[in-house]
>>> print(open('work-v1.cif').read())   # mmCIF, C-alpha atoms
data_run
#
loop_
_atom_site.label_atom_id
_atom_site.label_comp_id
_atom_site.auth_asym_id
_atom_site.auth_seq_id
_atom_site.Cartn_x
_atom_site.Cartn_y
_atom_site.Cartn_z
CA LEU A 1 0.53 -6.37 91.23
CA GLY A 2 2.31 -5.69 87.95
CA VAL A 3 0.20 -2.64 87.21
CA SER A 4 2.63 -1.52 84.49
CA ARG A 5 1.72 -4.60 82.47
CA TRP A 6 -2.03 -4.08 82.74
CA ARG A 7 -3.98 -3.15 79.65
CA SER A 8 -7.35 -1.57 79.27
CA LYS A 9 -9.74 -0.91 76.42
CA LEU A 10 -13.11 0.67 75.90
CA ALA A 11 -15.89 -1.44 77.39
CA PRO A 12 -18.73 -2.40 75.06
CA ARG A 13 -22.28 -1.39 75.76
CA PRO A 14 -23.98 -3.72 78.27
CA ALA A 15 -26.65 -4.67 75.72
CA GLU A 16 -23.91 -5.88 73.35
CA ILE A 17 -22.28 -8.26 75.81
CA TYR A 18 -22.86 -12.01 76.02
CA TRP A 19 -22.55 -12.17 79.79
CA GLU A 20 -22.62 -15.98 79.89
CA ASN A 21 -19.33 -16.10 77.94
CA PHE A 22 -17.39 -13.84 80.33
CA GLY A 23 -16.94 -16.68 82.79
CA LEU A 24 -14.80 -18.69 80.34
CA ASP A 25 -11.04 -18.63 80.70
CA ALA A 26 -8.61 -18.08 77.82
CA ASN A 27 -8.12 -21.80 77.14
CA GLU A 28 -11.87 -22.36 76.81
CA HIS A 29 -12.15 -19.42 74.41
CA ARG A 30 -9.32 -20.79 72.26
CA ALA A 31 -10.80 -24.29 72.30
CA ASN A 32 -14.24 -23.03 71.27
CA GLY A 33 -12.70 -20.87 68.57
CA ALA A 34 -10.73 -23.84 67.24
CA LYS A 35 -13.89 -25.96 67.17
CA GLY A 36 -15.76 -23.27 65.30
CA MET A 37 -12.96 -22.97 62.74
CA TYR A 38 -12.78 -26.76 62.38
CA TYR A 39 -16.48 -27.12 61.57
CA THR A 40 -16.34 -24.13 59.24
CA VAL A 41 -13.41 -25.61 57.31
CA LEU A 42 -15.21 -28.96 57.26
CA MET A 43 -18.29 -27.42 55.62
CA PHE A 44 -16.12 -25.52 53.13
CA THR A 45 -14.31 -28.77 52.29
CA VAL A 46 -17.61 -30.57 51.62
CA PHE A 47 -18.60 -27.68 49.36
CA ILE A 48 -15.32 -27.87 47.42
CA CYS A 49 -15.57 -31.67 47.09
CA CYS A 50 -19.01 -31.26 45.52
CA ALA A 51 -17.48 -28.85 43.01
CA VAL A 52 -14.71 -31.35 42.18
CA VAL A 53 -17.26 -34.11 41.51
CA ILE A 54 -19.25 -31.77 39.25
CA MET A 55 -16.08 -30.81 37.40
CA TRP A 56 -15.20 -34.45 36.72
CA THR A 57 -18.69 -35.60 35.74
CA ILE A 58 -20.04 -32.58 33.84
CA GLY A 59 -16.94 -30.53 32.99
CA PHE A 60 -15.93 -32.40 29.83
CA LEU A 61 -19.49 -32.28 28.49
CA TYR A 62 -19.53 -28.53 29.20
CA PHE A 63 -16.41 -27.96 27.09
CA ASP A 64 -17.66 -30.30 24.39
CA LEU A 65 -20.95 -28.44 23.97
CA LEU A 66 -19.63 -24.89 24.22
CA TYR A 67 -16.09 -25.00 22.84
CA LYS A 68 -15.89 -28.28 20.87
CA THR A 69 -12.75 -29.35 22.71
CA TYR A 70 -11.94 -32.83 23.95
CA PRO A 71 -9.73 -34.25 26.71
CA ARG A 72 -6.23 -35.56 26.12
CA PRO A 73 -5.95 -39.30 25.36
CA GLY A 74 -4.85 -40.38 28.85
CA ILE A 75 -7.53 -38.32 30.61
CA ARG A 76 -10.14 -39.37 28.06
CA GLU A 77 -9.42 -43.07 28.60
CA THR A 78 -9.73 -42.76 32.37
CA HIS A 79 -12.90 -40.70 32.11
CA MET A 80 -14.55 -42.96 29.52
CA ALA A 81 -13.70 -46.11 31.51
CA GLN A 82 -15.57 -44.73 34.53
CA TYR A 83 -18.39 -43.39 32.35
CA GLU A 84 -18.94 -46.76 30.65
CA PHE A 85 -18.72 -48.65 33.96
CA PHE A 86 -21.53 -46.64 35.57
CA GLY A 87 -23.54 -45.88 32.45
CA PRO A 88 -24.82 -42.48 31.26
CA TYR A 89 -27.90 -42.37 33.50
CA VAL A 90 -26.01 -43.04 36.72
CA TRP A 91 -23.05 -40.87 35.67
CA TYR A 92 -25.00 -37.75 34.81
CA GLY A 93 -27.53 -38.49 37.54
CA VAL A 94 -24.75 -38.33 40.12
CA GLY A 95 -23.55 -35.10 38.53
CA ILE A 96 -27.02 -33.55 38.77
CA VAL A 97 -27.38 -34.65 42.40
CA PHE A 98 -24.08 -33.00 43.31
CA ILE A 99 -25.12 -29.85 41.45
CA VAL A 100 -28.27 -29.70 43.59
CA VAL A 101 -26.24 -30.30 46.78
CA PHE A 102 -23.69 -27.70 45.68
CA LEU A 103 -26.35 -25.03 45.06
CA ALA A 104 -28.14 -25.92 48.30
CA LEU A 105 -24.91 -25.53 50.28
CA GLU A 106 -24.22 -22.21 48.57
CA GLU A 107 -27.66 -20.96 49.57
CA GLU A 108 -27.58 -22.31 53.12
CA MET A 109 -23.90 -21.82 53.97
CA ALA A 110 -24.57 -18.43 55.55
CA PRO A 111 -27.08 -19.81 58.13
CA ILE A 112 -24.71 -22.73 58.78
CA VAL A 113 -21.75 -20.44 59.42
CA LYS A 114 -23.90 -18.12 61.52
CA PHE A 115 -24.96 -21.10 63.62
CA ILE A 116 -21.32 -22.20 64.06
CA CYS A 117 -20.27 -18.71 65.18
CA LYS A 118 -22.64 -18.88 68.12
CA TYR A 119 -20.57 -21.67 69.65
CA GLU A 120 -17.26 -19.82 69.48
CA SER A 121 -18.24 -18.18 72.79
CA PRO A 122 -17.88 -14.57 71.62
CA GLU A 123 -17.81 -12.02 74.39
CA THR A 124 -19.82 -9.44 72.42
CA LYS A 125 -22.20 -9.32 69.48
CA SER A 126 -19.60 -7.22 67.71
CA HIS A 127 -17.11 -10.11 67.89
CA LYS A 128 -19.72 -12.51 66.53
CA GLN A 129 -20.61 -10.18 63.66
CA SER A 130 -16.99 -9.78 62.60
CA SER A 131 -16.32 -13.52 62.88
CA TYR A 132 -19.39 -14.31 60.79
CA LEU A 133 -18.41 -11.70 58.19
CA GLY A 134 -14.86 -13.04 57.90
CA LYS A 135 -15.98 -16.63 57.39
CA ILE A 136 -18.75 -15.85 54.92
CA TYR A 137 -16.51 -13.49 52.94
CA TRP A 138 -13.87 -16.17 52.38
CA PHE A 139 -16.59 -18.67 51.54
CA TYR A 140 -17.91 -16.42 48.78
CA VAL A 141 -14.36 -15.76 47.56
CA ILE A 142 -14.05 -19.53 47.18
CA TYR A 143 -17.39 -19.67 45.40
CA HIS A 144 -17.01 -16.62 43.13
CA VAL A 145 -13.26 -16.70 42.42
CA ALA A 146 -11.22 -19.68 43.58
CA LEU A 147 -13.38 -22.58 42.41
CA THR A 148 -13.96 -21.28 38.90
CA THR A 149 -10.39 -20.03 38.47
CA PHE A 150 -8.77 -23.33 39.34
CA ALA A 151 -11.51 -25.64 37.99
CA PHE A 152 -11.50 -24.04 34.55
CA GLY A 153 -7.71 -23.91 34.60
CA LYS A 154 -7.45 -27.62 35.36
CA LEU A 155 -10.05 -28.58 32.75
CA VAL A 156 -8.27 -26.52 30.09
CA LEU A 157 -4.97 -28.26 30.89
CA TRP A 158 -6.73 -31.59 30.34
CA MET A 159 -7.99 -30.51 26.90
CA VAL A 160 -6.38 -30.83 23.47
CA VAL A 161 -6.23 -27.22 22.25
CA PRO A 162 -4.25 -26.24 19.12
CA PRO A 163 -2.14 -23.05 19.22
CA VAL A 164 -3.67 -19.80 17.98
CA PRO A 165 -1.85 -18.10 15.05
CA VAL A 166 -0.70 -14.49 15.57
CA THR A 167 -1.34 -12.09 12.67
CA ASP A 168 0.08 -8.90 14.20
CA PRO A 169 3.06 -7.82 12.00
CA GLU A 170 4.96 -6.34 14.94
CA LEU A 171 4.70 -9.55 16.95
CA ASN A 172 5.59 -11.59 13.88
CA ALA A 173 8.68 -9.45 13.38
CA ALA A 174 9.63 -10.18 16.99
CA GLY A 175 9.40 -13.91 16.30
CA ILE A 176 5.98 -14.49 17.88
CA THR A 177 3.88 -16.40 15.33
CA GLN A 178 1.44 -18.21 17.61
CA ARG A 179 -0.04 -18.07 21.09
CA SER A 180 -1.02 -20.77 23.52
CA GLY A 181 -4.43 -22.08 22.59
CA SER A 182 -4.98 -23.32 26.14
CA LEU A 183 -4.42 -19.84 27.56
CA GLN A 184 -6.79 -18.34 24.98
CA LEU A 185 -9.46 -20.91 25.83
CA TYR A 186 -9.01 -20.34 29.56
CA VAL A 187 -9.40 -16.58 29.23
CA GLU A 188 -12.52 -16.98 27.12
CA CYS A 189 -14.27 -19.61 29.24
CA VAL A 190 -13.53 -18.16 32.68
CA GLY A 191 -14.34 -14.61 31.59
CA MET A 192 -17.61 -15.50 29.91
CA PHE A 193 -18.65 -17.66 32.86
CA HIS A 194 -18.18 -14.82 35.36
CA GLN A 195 -19.90 -12.29 33.12
CA ASN A 196 -22.90 -14.57 32.63
CA ARG A 197 -23.10 -15.22 36.35
CA LEU A 198 -23.01 -11.50 37.13
CA PHE A 199 -25.81 -10.88 34.64
CA LEU A 200 -27.85 -13.80 36.01
CA THR A 201 -27.42 -12.66 39.61
CA ALA A 202 -28.19 -8.99 38.93
CA CYS A 203 -31.13 -9.43 36.57
CA ILE A 204 -32.81 -12.59 37.87
CA ILE A 205 -31.68 -13.74 41.32
CA ASP A 206 -31.86 -10.32 43.00
CA PHE A 207 -35.35 -9.68 41.63
CA LEU A 208 -36.51 -13.05 42.91
CA HIS A 209 -35.63 -11.80 46.39
CA VAL A 210 -38.10 -8.95 45.89
CA MET A 211 -40.85 -11.56 45.56
CA GLU A 212 -40.32 -12.32 49.23
CA GLY A 213 -42.26 -9.12 49.81
CA VAL A 214 -45.45 -10.98 48.93
CA LYS A 215 -45.26 -12.42 52.45
CA PHE A 216 -45.90 -8.89 53.72
CA PHE A 217 -49.53 -9.11 52.58
CA THR A 218 -50.12 -12.55 54.12
CA ARG A 219 -48.62 -12.01 57.56
CA LYS A 220 -50.92 -12.05 60.54
CA GLY A 221 -51.54 -8.84 62.40
CA LYS A 222 -51.09 -8.71 66.13
CA PRO A 223 -50.63 -5.73 68.44
CA LEU A 224 -47.57 -6.10 70.64
CA THR A 225 -47.49 -5.39 74.33
CA ALA A 226 -44.97 -2.91 75.68
CA GLU A 227 -42.78 -5.78 76.91
CA GLN A 228 -42.88 -7.55 73.54
CA GLU A 229 -42.17 -4.35 71.65
CA ALA A 230 -39.15 -3.63 73.83
CA LYS A 231 -37.58 -6.92 72.73
CA PHE A 232 -37.64 -5.89 69.09
CA GLN A 233 -36.53 -2.32 69.62
CA GLY A 234 -33.59 -3.29 71.80
CA ALA A 235 -30.07 -4.35 70.95
CA GLU A 236 -31.04 -7.51 69.04
CA ASP A 237 -29.53 -7.73 65.57
CA GLU A 238 -29.88 -10.06 62.62
CA GLU A 239 -27.21 -12.44 63.92
CA ASP A 240 -29.47 -13.21 66.87
CA ASP A 241 -32.39 -14.51 64.84
CA GLY A 242 -33.80 -17.55 66.53
CA ASP A 243 -32.70 -16.58 70.05
CA GLY A 244 -36.14 -16.52 71.61
CA HIS A 245 -37.85 -14.85 68.64
CA GLU A 246 -39.42 -17.86 66.94
CA GLN A 247 -42.96 -16.89 67.93
CA ALA A 248 -42.51 -13.42 66.46
CA GLU A 249 -41.52 -14.68 63.00
CA GLN A 250 -45.19 -14.95 62.00
CA TYR A 251 -45.71 -11.27 62.84
CA LEU A 252 -42.34 -9.70 61.97
CA ASN A 253 -40.36 -10.17 58.77
CA CYS A 254 -36.79 -9.81 60.00
CA LYS A 255 -34.65 -12.14 57.94
CA PHE A 256 -32.49 -9.69 55.97
CA ASP A 257 -28.92 -10.82 56.59
CA TYR A 258 -26.71 -7.75 56.37
CA THR A 259 -23.51 -9.66 57.05
CA ARG A 260 -24.15 -12.18 54.29
CA ASN A 261 -24.91 -9.38 51.83
CA TYR A 262 -21.72 -7.55 52.82
CA GLY A 263 -19.63 -10.71 52.41
CA GLU A 264 -21.08 -11.66 49.03
CA SER A 265 -20.85 -8.11 47.68
CA MET A 266 -17.17 -7.92 48.59
CA ALA A 267 -16.53 -11.32 47.01
CA VAL A 268 -18.25 -10.18 43.81
CA HIS A 269 -16.04 -7.09 43.93
CA THR A 270 -13.04 -9.42 44.16
CA SER A 271 -14.26 -11.34 41.11
CA ILE A 272 -14.75 -8.16 39.09
CA SER A 273 -11.31 -6.87 40.04
CA CYS A 274 -9.74 -10.20 39.04
CA TYR A 275 -11.16 -10.40 35.54
CA ALA A 276 -11.73 -6.77 34.52
CA LEU A 277 -8.25 -6.52 32.95
CA MET A 278 -8.87 -9.64 30.83
CA HIS A 279 -12.48 -8.69 30.05
CA PRO A 280 -13.19 -4.92 30.37
CA SER A 281 -16.92 -5.60 29.98
CA MET A 282 -16.76 -6.98 33.55
CA MET A 283 -16.61 -3.35 34.71
CA TRP A 284 -19.91 -2.55 33.02
CA LEU A 285 -21.59 -5.69 34.33
CA GLY A 286 -20.15 -5.03 37.79
CA TRP A 287 -21.55 -1.51 37.76
CA MET A 288 -24.92 -2.87 36.68
CA TYR A 289 -24.79 -5.57 39.38
CA PHE A 290 -24.13 -3.15 42.24
CA ALA A 291 -26.59 -0.54 40.91
CA ILE A 292 -29.41 -3.08 40.73
CA LYS A 293 -28.45 -4.61 44.07
CA TYR A 294 -28.50 -1.16 45.69
CA PHE A 295 -32.13 -0.58 44.75
CA VAL A 296 -33.20 -4.16 45.48
CA ASP A 297 -31.58 -4.15 48.93
CA LYS A 298 -32.90 -0.68 49.71
CA TYR A 299 -36.41 -1.78 48.78
CA GLN A 300 -36.15 -4.91 50.91
CA ILE A 301 -34.78 -3.08 53.95
CA THR A 302 -37.28 -0.25 53.85
CA ASN A 303 -40.39 -2.14 52.73
CA GLN A 304 -40.05 -5.82 53.52
CA TYR A 305 -38.16 -6.03 56.81
CA SER A 306 -39.60 -4.63 60.00
CA ARG A 307 -37.15 -5.37 62.80
CA PRO A 308 -34.81 -2.45 63.67
CA HIS A 309 -31.17 -3.16 62.87
CA VAL A 310 -28.14 -2.56 65.04
CA GLN A 311 -24.64 -2.61 63.57
CA TYR A 312 -21.58 -2.65 65.81
CA GLY A 313 -18.25 -1.02 65.10
CA ARG A 314 -16.14 -4.15 64.71
CA ARG A 315 -18.09 -5.32 61.65
CA ALA A 316 -17.68 -1.92 60.02
CA ARG A 317 -13.91 -2.10 60.53
CA THR A 318 -13.86 -5.70 59.31
CA THR A 319 -15.72 -4.65 56.16
CA THR A 320 -13.01 -2.10 55.38
CA ILE A 321 -10.30 -4.71 55.88
CA TYR A 322 -11.92 -7.23 53.54
CA ILE A 323 -12.55 -4.64 50.83
CA LEU A 324 -8.79 -4.06 50.79
CA TRP A 325 -8.15 -7.80 50.92
CA SER A 326 -10.36 -8.20 47.87
CA GLN A 327 -8.09 -5.85 45.94
CA ALA A 328 -4.97 -7.59 47.23
CA CYS A 329 -6.28 -11.01 46.11
CA ALA A 330 -7.36 -9.65 42.72
CA GLN A 331 -4.06 -7.94 41.97
CA PHE A 332 -2.11 -11.02 43.02
CA LEU A 333 -4.05 -13.19 40.56
CA ASN A 334 -3.62 -10.55 37.85
CA ALA A 335 0.12 -10.47 38.52
CA VAL A 336 0.33 -14.27 38.21
CA TYR A 337 -1.59 -14.19 34.94
CA PHE A 338 0.38 -11.39 33.24
CA MET A 339 3.82 -12.30 34.62
CA VAL A 340 3.67 -16.10 34.39
CA LEU A 341 1.02 -17.10 31.85
CA ALA A 342 0.86 -14.27 29.31
CA ASP A 343 3.68 -14.03 26.76
CA ASP A 344 4.25 -10.32 26.23
CA MET A 345 2.70 -8.40 29.14
CA MET A 346 5.38 -8.51 31.79
CA ASP A 347 5.09 -4.76 32.41
CA VAL A 348 1.40 -5.09 33.22
CA GLY A 349 2.16 -8.02 35.52
CA VAL A 350 4.84 -6.05 37.38
CA PHE A 351 2.42 -3.15 37.84
CA CYS A 352 -0.23 -5.54 39.23
CA PHE A 353 2.32 -7.06 41.59
CA VAL A 354 3.31 -3.61 42.87
CA CYS A 355 -0.38 -2.85 43.43
CA PHE A 356 -0.70 -6.14 45.31
CA LEU A 357 2.19 -5.19 47.60
CA CYS A 358 0.65 -1.77 48.21
CA PHE A 359 -2.77 -3.18 49.13
CA LEU A 360 -1.17 -5.87 51.26
CA GLY A 361 0.93 -3.29 53.09
CA VAL A 362 -2.01 -0.96 53.70
CA THR A 363 -4.20 -3.85 54.90
CA THR A 364 -1.72 -5.39 57.29
CA GLY A 365 0.26 -2.35 58.37
CA TYR A 366 -2.18 0.50 58.53
CA VAL A 367 -5.85 -0.50 58.61
CA TYR A 368 -5.70 -3.35 61.08
CA GLN A 369 -4.41 -1.73 64.27
CA PRO A 370 -6.36 -3.13 67.21
CA GLN A 371 -3.93 -1.55 69.64
CA ALA A 372 -5.05 1.88 68.44
CA LEU A 373 -8.50 1.11 69.78
CA LYS A 374 -7.27 0.54 73.32
CA CYS A 375 -7.04 3.15 76.02
CA ALA A 376 -3.70 3.74 77.67
#
>>> encode(input="work-v1.cif", output="structure tokens")
Amino acid sequence: LGVSRWRSKLAPRPAEIYWENFGLDANEHRANGAKGMYYTVLMFTVFICCAVVIMWTIGFLYFDLLYKTYPRPGIRETHMAQYEFFGPYVWYGVGIVFIVVFLALEEEMAPIVKFICKYESPETKSHKQSSYLGKIYWFYVIYHVALTTFAFGKLVLWMVVPPVPVTDPELNAAGITQRSGSLQLYVECVGMFHQNRLFLTACIIDFLHVMEGVKFFTRKGKPLTAEQEAKFQGAEDEEDDGDGHEQAEQYLNCKFDYTRNYGESMAVHTSISCYALMHPSMMWLGWMYFAIKYFVDKYQITNQYSRPHVQYGRRARTTTIYILWSQACAQFLNAVYFMVLADDMMDVGVFCFVCFLCFLGVTTGYVYQPQALKCA
């Protein structure tokens, strides 16, 4: 029977299991997982394409208004030829439409990804939670870090930026009389953009979520039977919204998405870690962001949301892994900046690269050990 090759692991609680998915063989699980990943990547690609269109239609105007910089002759000719062909109303109208689509996708990507995860045929709710967290975390890393980093970098390379004179006597004595104006512009624009977005999110967007509590005073009251009450005090969690609970939505406010909040918070942490060395004020704004979000989320959970919440162990472990990944990504980008782009900060870049290797090693070699969870 090959008993020596058998493996066993702790069985999940019966209430956590999706029994209908246990009848699928390994090939069906892999096929469903591949389909889920395909549709997730497809939605992310549509999101990125919207950002590219916005960059091309609005990006040059953005730099013109804020930094008084203009594109290089070749890029300017191509851009102006398209602009004059379509006309200003169509050109900027298309840009505004894509901005609306971009923001709508950002807001609704979490429900879309959650919906896709249902069709990966997870065996347990814990597997679905961790899959959802992984996908939404990388989406918010794209949104908070990757898009702005590379979009601003590409736009700056397209701009005509004069070099910046260096007035430090020590650097002048070493033969450094000017710095790259493009690098200076990139550091200023990308840093200010992320700081403004942190401030906007912490001081405006999060408080708008509190206004959802107004629904508490307009919900209908209805006493639940013992059978109905058991459904909402069982093993259901926020990833199962919509699975037979549509009729209860008018009586229970249960839409707080823990996984989405975890994923976005870790992505914001990645953004802060990326740009805090360039702009130390990011640390202060990051502290303010998480302090405000703590009280806003606590108020929402304790006062606005009435369904009991169940969190499974796999999502907790996945959260730890992605917190470390956020530091690995941040230190890698810092190492690239200080070692490749900056002129005189190689020592800082080497230190960041060593930190990147340490976080990468801890993440891959120590934290993620699924075999340690199995029983012999």
>>> resolve_selection(input="work-v1.cif", expression="the PyMOL selection byres ((chain A and resi 352) around 10)", output="number ranges by chain")
A: 328, 330-339, 346-351, 353-358
>>> closest_atom_pairs(input="work-v1.cif", of="stretch 105-175 of chain A", to="stretch 67-80 of chain A", cutoff="8 Å", atoms="all atoms listed in the file", output="Markdown table")
| residue | atom | partner | partner_atom | distance |
| --- | --- | --- | --- | --- |
| A:Trp158 | CA | A:Pro71 | CA | 5.4 |
| A:Met159 | CA | A:Pro71 | CA | 4.1 |
| A:Val160 | CA | A:Arg72 | CA | 5.4 |
| A:Val161 | CA | A:Thr69 | CA | 6.9 |
>>> closest_residue(input="work-v1.cif", among="A:Ser131, A:Thr201, A:Asn32, A:Ser326", to="A:Val296", atoms="all atoms listed in the file")
A:Thr201
>>> atom_distance(input="work-v1.cif", atom1="atom CA of A:Leu198", atom2="atom CA of A:Cys49")
23.7 Å
>>> closest_residue(input="work-v1.cif", among="A:Cys189, A:Val340, A:Val101, A:Ala267", to="A:Ile323", atoms="all atoms listed in the file")
A:Ala267
>>> closest_residue(input="work-v1.cif", among="A:Val94, A:Ala110, A:Met55, A:Leu10", to="A:Gly153", atoms="all atoms listed in the file")
A:Met55
>>> atom_distance(input="work-v1.cif", atom1="atom CA of A:Val187", atom2="atom CA of A:Thr45")
26.5 Å
>>> resolve_selection(input="work-v1.cif", expression="the PyMOL selection byres ((chain A and resi 275) around 10)", output="MDAnalysis selection string")
chainID A and resid 145 187 190:192 194:195 270:274 276:283 330:331 333:334
>>> write_last_selection(input="work-v1.cif", atoms="C-alpha atoms", output="CSV table (one decimal), keeping the file's coordinate frame")
chain,number,residue,atom,x,y,z
A,145,VAL,CA,-13.3,-16.7,42.4
A,187,VAL,CA,-9.4,-16.6,29.2
A,190,VAL,CA,-13.5,-18.2,32.7
A,191,GLY,CA,-14.3,-14.6,31.6
A,192,MET,CA,-17.6,-15.5,29.9
A,194,HIS,CA,-18.2,-14.8,35.4
A,195,GLN,CA,-19.9,-12.3,33.1
A,270,THR,CA,-13.0,-9.4,44.2
A,271,SER,CA,-14.3,-11.3,41.1
A,272,ILE,CA,-14.8,-8.2,39.1
A,273,SER,CA,-11.3,-6.9,40.0
A,274,CYS,CA,-9.7,-10.2,39.0
A,276,ALA,CA,-11.7,-6.8,34.5
A,277,LEU,CA,-8.2,-6.5,33.0
A,278,MET,CA,-8.9,-9.6,30.8
A,279,HIS,CA,-12.5,-8.7,30.0
A,280,PRO,CA,-13.2,-4.9,30.4
A,281,SER,CA,-16.9,-5.6,30.0
A,282,MET,CA,-16.8,-7.0,33.6
A,283,MET,CA,-16.6,-3.4,34.7
A,330,ALA,CA,-7.4,-9.6,42.7
A,331,GLN,CA,-4.1,-7.9,42.0
A,333,LEU,CA,-4.0,-13.2,40.6
A,334,ASN,CA,-3.6,-10.6,37.8
>>> atom_distance(input="work-v1.cif", atom1="atom CA of A:Trp56", atom2="atom CA of A:Tyr92")
10.5 Å
>>> resolve_selection(input="work-v1.cif", expression="the PyMOL selection byres ((chain A and resi 51) around 12)", output="NGL selection string")
:A and (44-50 or 52-59 or 95-103 or 105-106 or 142-143 or 146-148 or 150-152)
>>> write_last_selection(input="work-v1.cif", atoms="C-alpha atoms", output="PDB file, in the frame of the given file")
ATOM      1  CA  PHE A  44     -16.120 -25.520  53.130  1.00  0.00           C
ATOM      2  CA  THR A  45     -14.310 -28.770  52.290  1.00  0.00           C
ATOM      3  CA  VAL A  46     -17.610 -30.570  51.620  1.00  0.00           C
ATOM      4  CA  PHE A  47     -18.600 -27.680  49.360  1.00  0.00           C
ATOM      5  CA  ILE A  48     -15.320 -27.870  47.420  1.00  0.00           C
ATOM      6  CA  CYS A  49     -15.570 -31.670  47.090  1.00  0.00           C
ATOM      7  CA  CYS A  50     -19.010 -31.260  45.520  1.00  0.00           C
ATOM      8  CA  VAL A  52     -14.710 -31.350  42.180  1.00  0.00           C
ATOM      9  CA  VAL A  53     -17.260 -34.110  41.510  1.00  0.00           C
ATOM     10  CA  ILE A  54     -19.250 -31.770  39.250  1.00  0.00           C
ATOM     11  CA  MET A  55     -16.080 -30.810  37.400  1.00  0.00           C
ATOM     12  CA  TRP A  56     -15.200 -34.450  36.720  1.00  0.00           C
ATOM     13  CA  THR A  57     -18.690 -35.600  35.740  1.00  0.00           C
ATOM     14  CA  ILE A  58     -20.040 -32.580  33.840  1.00  0.00           C
ATOM     15  CA  GLY A  59     -16.940 -30.530  32.990  1.00  0.00           C
ATOM     16  CA  GLY A  95     -23.550 -35.100  38.530  1.00  0.00           C
ATOM     17  CA  ILE A  96     -27.020 -33.550  38.770  1.00  0.00           C
ATOM     18  CA  VAL A  97     -27.380 -34.650  42.400  1.00  0.00           C
ATOM     19  CA  PHE A  98     -24.080 -33.000  43.310  1.00  0.00           C
ATOM     20  CA  ILE A  99     -25.120 -29.850  41.450  1.00  0.00           C
ATOM     21  CA  VAL A 100     -28.270 -29.700  43.590  1.00  0.00           C
ATOM     22  CA  VAL A 101     -26.240 -30.300  46.780  1.00  0.00           C
ATOM     23  CA  PHE A 102     -23.690 -27.700  45.680  1.00  0.00           C
ATOM     24  CA  LEU A 103     -26.350 -25.030  45.060  1.00  0.00           C
ATOM     25  CA  LEU A 105     -24.910 -25.530  50.280  1.00  0.00           C
ATOM     26  CA  GLU A 106     -24.220 -22.210  48.570  1.00  0.00           C
ATOM     27  CA  ILE A 142     -14.050 -19.530  47.180  1.00  0.00           C
ATOM     28  CA  TYR A 143     -17.390 -19.670  45.400  1.00  0.00           C
ATOM     29  CA  ALA A 146     -11.220 -19.680  43.580  1.00  0.00           C
ATOM     30  CA  LEU A 147     -13.380 -22.580  42.410  1.00  0.00           C
ATOM     31  CA  THR A 148     -13.960 -21.280  38.900  1.00  0.00           C
ATOM     32  CA  PHE A 150      -8.770 -23.330  39.340  1.00  0.00           C
ATOM     33  CA  ALA A 151     -11.510 -25.640  37.990  1.00  0.00           C
ATOM     34  CA  PHE A 152     -11.500 -24.040  34.550  1.00  0.00           C
TER      35      PHE A 152
END
>>> closest_residue(input="work-v1.cif", among="A:Ala104, A:Phe60, A:Val90, A:Pro12", to="A:Leu157", atoms="all atoms listed in the file")
A:Phe60
>>> closest_residue(input="work-v1.cif", among="A:Glu20, A:Glu107, A:Asp64, A:Glu170", to="A:Pro122", atoms="only C-alpha atoms")
A:Glu20
>>> decode(input="work-v1.cif", residues="stretch 178-185 of chain A", atoms="N, CA, C and O atoms", output="tab-separated table (two decimals), in the first residue's frame")
chain	number	residue	atom	x	y	z
A	178	GLN	N	26.87	69.23	-10.68
A	178	GLN	CA	25.45	69.23	-11.00
A	178	GLN	C	24.87	67.82	-10.85
A	178	GLN	O	25.60	66.83	-10.93
A	179	ARG	N	23.58	67.79	-10.60
A	179	ARG	CA	22.85	66.52	-10.48
A	179	ARG	C	21.85	66.39	-11.61
A	179	ARG	O	21.52	67.37	-12.28
A	180	SER	N	21.37	65.18	-11.76
A	180	SER	CA	20.37	64.93	-12.80
A	180	SER	C	19.06	65.63	-12.45
A	180	SER	O	18.48	65.39	-11.38
A	181	GLY	N	18.62	66.51	-13.32
A	181	GLY	CA	17.34	67.17	-13.09
A	181	GLY	C	16.18	66.21	-13.17
A	181	GLY	O	15.18	66.36	-12.46
A	182	SER	N	16.27	65.21	-14.03
A	182	SER	CA	15.20	64.22	-14.15
A	182	SER	C	15.03	63.43	-12.86
A	182	SER	O	13.90	63.19	-12.41
A	183	LEU	N	16.15	63.05	-12.24
A	183	LEU	CA	16.07	62.31	-10.99
A	183	LEU	C	15.47	63.18	-9.89
A	183	LEU	O	14.65	62.72	-9.10
A	184	GLN	N	15.87	64.45	-9.85
A	184	GLN	CA	15.32	65.37	-8.86
A	184	GLN	C	13.82	65.53	-9.05
A	184	GLN	O	13.04	65.51	-8.09
A	185	LEU	N	13.38	65.69	-10.30
A	185	LEU	CA	11.96	65.83	-10.57
A	185	LEU	C	11.19	64.57	-10.21
A	185	LEU	O	10.09	64.64	-9.65
